[in-house]
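J.: What follows is a single structure, and I will ask about it in a moment.
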Amino acid sequence: AVAAAMLSLDFLDDVRRMNKRQLYYQVLNFGMIVSSALMIWKGLMVVTGSESPIVVVLSGSMEPAFHRGDLLFLTNRIEDPIRVGEIVVFRIEGREIPIVHRVLKIHEKQNGDIKFLTKGDNNAVDDRGLYKQGQHWLEKKDVVGRARGFVPYIGIVTILMNDYPKFKYAVLFLLGLFVLVHRE
Amino acid sequence: LRKNVEDFTGPRERSDLGFVTFDITADILNRKSGLQTFWNKNTLMLFFIFDWNVKQLFLYLSAEYSTKNNALNQVVLWDKIMLRGDNPRLSLKDMKSKYFFFDDGNGLKGNRNITLTLSWNVVPNAGILPLVTGSGHVSVPFPDTYETTKSY
């Protein structure tokens, strides 16, 4: 406990030693980092055509392919038609949480209108029970994107931050502290 | 014995329901060799796909056809998860369609051109998720009349 107190005093000394101009500089630096991150995210949205180009798998319904915490990279280009076997991420009308399942059936009309049915690999039945009351099919508008690539485990951080808000604040606090004190 | 039976009493909607069963001991002479080669060719390919970055293959047999109502229909009839380390040999004996082969409407009756293809989704340990279609395909025509017997 004493060591921790000494460490925090050290940090405070550093901050006090910086004059106002340096502090503003650090804040601007921080702002630049945040803006760049936002620009990269928006850029990804444009390139992939998806409003959410990276999603975290939240349930075990696609095991053993994907587990909770895996990160998925999506595209949602209109030119790519929806075909069976593809892994789609979709939202059910009125619900926030996106679902990652596989397309089981499609019926597409001449003009491109399509209705399709999905099912999780690890589920015994198709998703009709999940859809809205009276809804039998999904449509293009429900799709957030198609999974094109994935990285395992990394998304666990997001799940932890959601489930344990104290962890989220701790991470943000440490990040902020690091950026403010870092002298480059 | 491959039976193509259409039963109008589908549980959900009043649409055509097709039943396709595969069995190697087929006595339908002209179809048998076609189905056999199609299956063997694809099973052979699977031996070569598994490498250090392939966690599993998600295999599925899909039927593709077009009807008056819909220009393109695709229905998955059967799927299987094959993990790295599993025996890649697929057995064709007595495989029943895993999922109900419902059409959106009455497009299966008399439809001469239903194409079955085997495809798979390669799931890596990390990286891109490609969808690959196997080689060849099998054509299945449906008869012009409905069968009312429920035996399958």
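By convention in this document, the chains of the structure tokens carry letters A, B, ... by their order, each chain's residues are numbered from 1, and ligands are numbered from 1 in the order they are shown.
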Extract, using only C-alpha atoms, all DNA, RNA and protein residues at most 9 Å from A:Asn122, discarding same-chain residues fewer than 6 positions from it, and format them as a ChimeraX atom specification.

T.: /A:60-64

J.: What does the file look like for those residues with all heavy atoms, as a short mmCIF file (atom, residue, chain, number, x, y, z; two decimals), in the first residue's frame?

T.:
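The resulting out.cif:
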```
data_model
loop_
_atom_site.label_atom_id
_atom_site.label_comp_id
_atom_site.auth_asym_id
_atom_site.auth_seq_id
_atom_site.Cartn_x
_atom_site.Cartn_y
_atom_site.Cartn_z
N GLY A 60 -22.81 -19.16 -27.91
CA GLY A 60 -22.17 -20.39 -28.35
C GLY A 60 -22.91 -21.10 -29.46
O GLY A 60 -22.66 -22.27 -29.74
N SER A 61 -23.84 -20.37 -30.13
CA SER A 61 -24.69 -21.04 -31.10
C SER A 61 -24.00 -21.38 -32.41
O SER A 61 -24.60 -21.98 -33.29
CB SER A 61 -25.94 -20.21 -31.38
OG SER A 61 -25.56 -18.92 -31.84
N MET A 62 -22.72 -20.96 -32.56
CA MET A 62 -22.03 -21.33 -33.79
C MET A 62 -20.81 -22.20 -33.47
O MET A 62 -19.88 -22.27 -34.26
CB MET A 62 -21.56 -20.09 -34.56
CG MET A 62 -22.63 -19.41 -35.35
SD MET A 62 -23.29 -20.44 -36.66
CE MET A 62 -22.10 -20.16 -37.97
N GLU A 63 -20.81 -22.80 -32.32
CA GLU A 63 -19.69 -23.67 -31.99
C GLU A 63 -19.75 -24.92 -32.85
O GLU A 63 -20.83 -25.32 -33.28
CB GLU A 63 -19.74 -24.05 -30.51
CG GLU A 63 -19.30 -22.90 -29.63
CD GLU A 63 -19.38 -23.25 -28.16
OE1 GLU A 63 -19.34 -24.44 -27.83
OE2 GLU A 63 -19.50 -22.31 -27.36
N PRO A 64 -18.66 -25.61 -33.11
CA PRO A 64 -17.30 -25.30 -32.66
C PRO A 64 -16.55 -24.32 -33.54
O PRO A 64 -15.37 -24.10 -33.34
CB PRO A 64 -16.63 -26.68 -32.70
CG PRO A 64 -17.34 -27.40 -33.77
CD PRO A 64 -18.74 -26.87 -33.83
#
```

J.: Set the cut-off to 6 Å and count only C-alpha atoms: what are the residues of chain B that reach chain A? Output as a ChimeraX atom specification.

T.: /B:70-76,126-129

J.: Could you dump the residues just selected with all heavy atoms as an mmCIF file, in the first residue's frame?

T.:
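The result, stored in again-v7.cif:
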```
data_model
loop_
_atom_site.group_PDB
_atom_site.id
_atom_site.type_symbol
_atom_site.label_atom_id
_atom_site.label_comp_id
_atom_site.auth_asym_id
_atom_site.auth_seq_id
_atom_site.Cartn_x
_atom_site.Cartn_y
_atom_site.Cartn_z
ATOM 1 N N ASN B 70 -40.066 -17.711 -57.858
ATOM 2 C CA ASN B 70 -38.755 -17.191 -57.482
ATOM 3 C C ASN B 70 -37.706 -17.596 -58.495
ATOM 4 O O ASN B 70 -37.611 -18.760 -58.853
ATOM 5 C CB ASN B 70 -38.328 -17.736 -56.113
ATOM 6 C CG ASN B 70 -39.243 -17.256 -55.003
ATOM 7 O OD1 ASN B 70 -39.322 -16.077 -54.715
ATOM 8 N ND2 ASN B 70 -39.944 -18.184 -54.374
ATOM 9 N N ALA B 71 -36.919 -16.619 -58.943
ATOM 10 C CA ALA B 71 -35.908 -16.907 -59.958
ATOM 11 C C ALA B 71 -34.829 -17.835 -59.423
ATOM 12 O O ALA B 71 -34.294 -18.659 -60.139
ATOM 13 C CB ALA B 71 -35.276 -15.605 -60.442
ATOM 14 N N LEU B 72 -34.494 -17.705 -58.142
ATOM 15 C CA LEU B 72 -33.438 -18.541 -57.594
ATOM 16 C C LEU B 72 -33.851 -19.042 -56.214
ATOM 17 O O LEU B 72 -34.271 -18.280 -55.359
ATOM 18 C CB LEU B 72 -32.136 -17.737 -57.469
ATOM 19 C CG LEU B 72 -30.988 -18.463 -56.764
ATOM 20 C CD1 LEU B 72 -30.529 -19.632 -57.614
ATOM 21 C CD2 LEU B 72 -29.826 -17.523 -56.521
ATOM 22 N N ASN B 73 -33.741 -20.350 -56.025
ATOM 23 C CA ASN B 73 -33.997 -20.926 -54.711
ATOM 24 C C ASN B 73 -32.824 -21.801 -54.341
ATOM 25 O O ASN B 73 -32.310 -22.541 -55.173
ATOM 26 C CB ASN B 73 -35.235 -21.830 -54.756
ATOM 27 C CG ASN B 73 -36.460 -21.084 -55.219
ATOM 28 O OD1 ASN B 73 -37.128 -20.413 -54.457
ATOM 29 N ND2 ASN B 73 -36.752 -21.196 -56.507
ATOM 30 N N GLN B 74 -32.391 -21.684 -53.095
ATOM 31 C CA GLN B 74 -31.348 -22.588 -52.631
ATOM 32 C C GLN B 74 -31.781 -23.130 -51.283
ATOM 33 O O GLN B 74 -32.187 -22.374 -50.400
ATOM 34 C CB GLN B 74 -30.024 -21.844 -52.449
ATOM 35 C CG GLN B 74 -29.362 -21.451 -53.737
ATOM 36 C CD GLN B 74 -28.018 -20.778 -53.475
ATOM 37 O OE1 GLN B 74 -27.816 -20.164 -52.444
ATOM 38 N NE2 GLN B 74 -27.108 -20.917 -54.415
ATOM 39 N N VAL B 75 -31.704 -24.437 -51.123
ATOM 40 C CA VAL B 75 -32.128 -25.049 -49.868
ATOM 41 C C VAL B 75 -31.036 -26.010 -49.414
ATOM 42 O O VAL B 75 -30.596 -26.853 -50.194
ATOM 43 C CB VAL B 75 -33.445 -25.838 -50.073
ATOM 44 C CG1 VAL B 75 -33.860 -26.517 -48.796
ATOM 45 C CG2 VAL B 75 -34.542 -24.914 -50.553
ATOM 46 N N VAL B 76 -30.607 -25.877 -48.172
ATOM 47 C CA VAL B 76 -29.612 -26.806 -47.650
ATOM 48 C C VAL B 76 -30.338 -28.070 -47.202
ATOM 49 O O VAL B 76 -31.260 -28.011 -46.401
ATOM 50 C CB VAL B 76 -28.837 -26.199 -46.465
ATOM 51 C CG1 VAL B 76 -27.960 -27.239 -45.807
ATOM 52 C CG2 VAL B 76 -27.996 -25.037 -46.934
ATOM 53 N N ALA B 126 -7.400 -18.882 -37.531
ATOM 54 C CA ALA B 126 -7.585 -17.431 -37.594
ATOM 55 C C ALA B 126 -7.410 -17.025 -39.045
ATOM 56 O O ALA B 126 -6.565 -17.572 -39.731
ATOM 57 C CB ALA B 126 -6.548 -16.711 -36.733
ATOM 58 N N GLY B 127 -8.225 -16.099 -39.510
ATOM 59 C CA GLY B 127 -8.037 -15.633 -40.887
ATOM 60 C C GLY B 127 -9.328 -15.612 -41.678
ATOM 61 O O GLY B 127 -10.414 -15.496 -41.133
ATOM 62 N N ILE B 128 -9.181 -15.729 -42.972
ATOM 63 C CA ILE B 128 -10.326 -15.586 -43.878
ATOM 64 C C ILE B 128 -11.209 -16.831 -43.832
ATOM 65 O O ILE B 128 -10.727 -17.952 -43.624
ATOM 66 C CB ILE B 128 -9.808 -15.384 -45.310
ATOM 67 C CG1 ILE B 128 -8.773 -14.275 -45.314
ATOM 68 C CG2 ILE B 128 -10.944 -15.059 -46.259
ATOM 69 C CD1 ILE B 128 -9.021 -13.166 -46.241
ATOM 70 N N LEU B 129 -12.510 -16.628 -44.052
ATOM 71 C CA LEU B 129 -13.493 -17.719 -44.042
ATOM 72 C C LEU B 129 -13.998 -17.962 -45.467
ATOM 73 O O LEU B 129 -15.004 -17.406 -45.867
ATOM 74 C CB LEU B 129 -14.690 -17.332 -43.179
ATOM 75 C CG LEU B 129 -14.462 -17.177 -41.686
ATOM 76 C CD1 LEU B 129 -15.502 -16.256 -41.101
ATOM 77 C CD2 LEU B 129 -14.549 -18.519 -41.004
#
```

J.: May I have the residues within 6 Å of B:Leu61 as JSON, numbers by chain, using only C-alpha atoms and disregarding those fewer than 5 positions away in the same chain?

T.: {"B": [76, 77, 78, 117, 118]}

J.: Keeping only all heavy atoms, write those residues as a PDB file, in the first residue's frame.

T.:
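Saved file selection_1.pdb follows:
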```pdb
ATOM      1  N   VAL B  76     -30.607 -25.877 -48.172  1.00  0.00           N
ATOM      2  CA  VAL B  76     -29.612 -26.806 -47.650  1.00  0.00           C
ATOM      3  C   VAL B  76     -30.338 -28.070 -47.202  1.00  0.00           C
ATOM      4  O   VAL B  76     -31.260 -28.011 -46.401  1.00  0.00           O
ATOM      5  CB  VAL B  76     -28.837 -26.199 -46.465  1.00  0.00           C
ATOM      6  CG1 VAL B  76     -27.960 -27.239 -45.807  1.00  0.00           C
ATOM      7  CG2 VAL B  76     -27.996 -25.037 -46.934  1.00  0.00           C
ATOM      8  N   LEU B  77     -29.912 -29.214 -47.741  1.00  0.00           N
ATOM      9  CA  LEU B  77     -30.586 -30.460 -47.396  1.00  0.00           C
ATOM     10  C   LEU B  77     -29.903 -31.199 -46.262  1.00  0.00           C
ATOM     11  O   LEU B  77     -30.510 -31.945 -45.510  1.00  0.00           O
ATOM     12  CB  LEU B  77     -30.617 -31.381 -48.619  1.00  0.00           C
ATOM     13  CG  LEU B  77     -31.380 -30.834 -49.815  1.00  0.00           C
ATOM     14  CD1 LEU B  77     -31.329 -31.819 -50.962  1.00  0.00           C
ATOM     15  CD2 LEU B  77     -32.823 -30.581 -49.434  1.00  0.00           C
ATOM     16  N   TRP B  78     -28.596 -31.001 -46.186  1.00  0.00           N
ATOM     17  CA  TRP B  78     -27.818 -31.784 -45.234  1.00  0.00           C
ATOM     18  C   TRP B  78     -26.545 -31.025 -44.916  1.00  0.00           C
ATOM     19  O   TRP B  78     -25.963 -30.383 -45.792  1.00  0.00           O
ATOM     20  CB  TRP B  78     -27.507 -33.129 -45.881  1.00  0.00           C
ATOM     21  CG  TRP B  78     -26.480 -33.979 -45.249  1.00  0.00           C
ATOM     22  CD1 TRP B  78     -26.662 -34.951 -44.314  1.00  0.00           C
ATOM     23  CD2 TRP B  78     -25.075 -33.978 -45.518  1.00  0.00           C
ATOM     24  NE1 TRP B  78     -25.479 -35.545 -43.994  1.00  0.00           N
ATOM     25  CE2 TRP B  78     -24.479 -34.977 -44.706  1.00  0.00           C
ATOM     26  CE3 TRP B  78     -24.246 -33.222 -46.358  1.00  0.00           C
ATOM     27  CZ2 TRP B  78     -23.109 -35.243 -44.707  1.00  0.00           C
ATOM     28  CZ3 TRP B  78     -22.877 -33.483 -46.367  1.00  0.00           C
ATOM     29  CH2 TRP B  78     -22.330 -34.493 -45.541  1.00  0.00           C
ATOM     30  N   THR B 117     -25.460 -29.581 -55.120  1.00  0.00           N
ATOM     31  CA  THR B 117     -24.011 -29.402 -55.077  1.00  0.00           C
ATOM     32  C   THR B 117     -23.531 -29.513 -53.643  1.00  0.00           C
ATOM     33  O   THR B 117     -24.241 -29.165 -52.703  1.00  0.00           O
ATOM     34  CB  THR B 117     -23.565 -28.014 -55.599  1.00  0.00           C
ATOM     35  OG1 THR B 117     -24.517 -27.056 -55.201  1.00  0.00           O
ATOM     36  CG2 THR B 117     -23.423 -28.003 -57.091  1.00  0.00           C
ATOM     37  N   LEU B 118     -22.296 -29.977 -53.507  1.00  0.00           N
ATOM     38  CA  LEU B 118     -21.687 -30.087 -52.196  1.00  0.00           C
ATOM     39  C   LEU B 118     -20.735 -28.905 -52.037  1.00  0.00           C
ATOM     40  O   LEU B 118     -19.914 -28.645 -52.918  1.00  0.00           O
ATOM     41  CB  LEU B 118     -20.911 -31.406 -52.105  1.00  0.00           C
ATOM     42  CG  LEU B 118     -20.266 -31.715 -50.756  1.00  0.00           C
ATOM     43  CD1 LEU B 118     -21.339 -31.962 -49.714  1.00  0.00           C
ATOM     44  CD2 LEU B 118     -19.374 -32.928 -50.871  1.00  0.00           C
TER      45      LEU B 118
END
```

J.: Mind checking which residues fall within 12 Å of stretch 35-47 of chain A, counting only C-alpha atoms, ignoring those fewer than 2 positions away in the same chain, and posting them as a list in words?

T.: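 Once the nearby chain positions are removed, what remains is Leu28, Asn29, Phe30, Gly31, Met32, Ile33, Gly49, Ser50, Glu51, Ser52, Pro53, Ile54, Phe73, Leu74, Thr75, Asn76, Arg77, Val144 and Gly145 of chain A.
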
J.: For B:Phe58, list every protein, DNA or RNA residue within 9 Å, evaluated using only C-alpha atoms, and leave out those in the same chain fewer than 3 positions away; present the list as a list of chain:residue names.

T.: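 Here the answer would be A:Ala65, A:Gly85, A:Asp121, B:Asp79, B:Lys80, B:Ile81, B:Met82, B:Leu83, B:Ser119, B:Trp120, B:Asn121, B:Val122, B:Val123.
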
J.: Find the residue from A:Asp80, A:His67, A:His101, A:Phe178 that sits nearest to A:Thr48; use only C-alpha atoms when measuring.

T.: A:Asp80

J.: Using atom CA of A:Val27 and atom CA of A:Phe167 as the two end points, give the distance in Å to one decimal.

T.: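 Separating atom CA of A:Val27 from atom CA of A:Phe167 is a distance of 23.6 Å.
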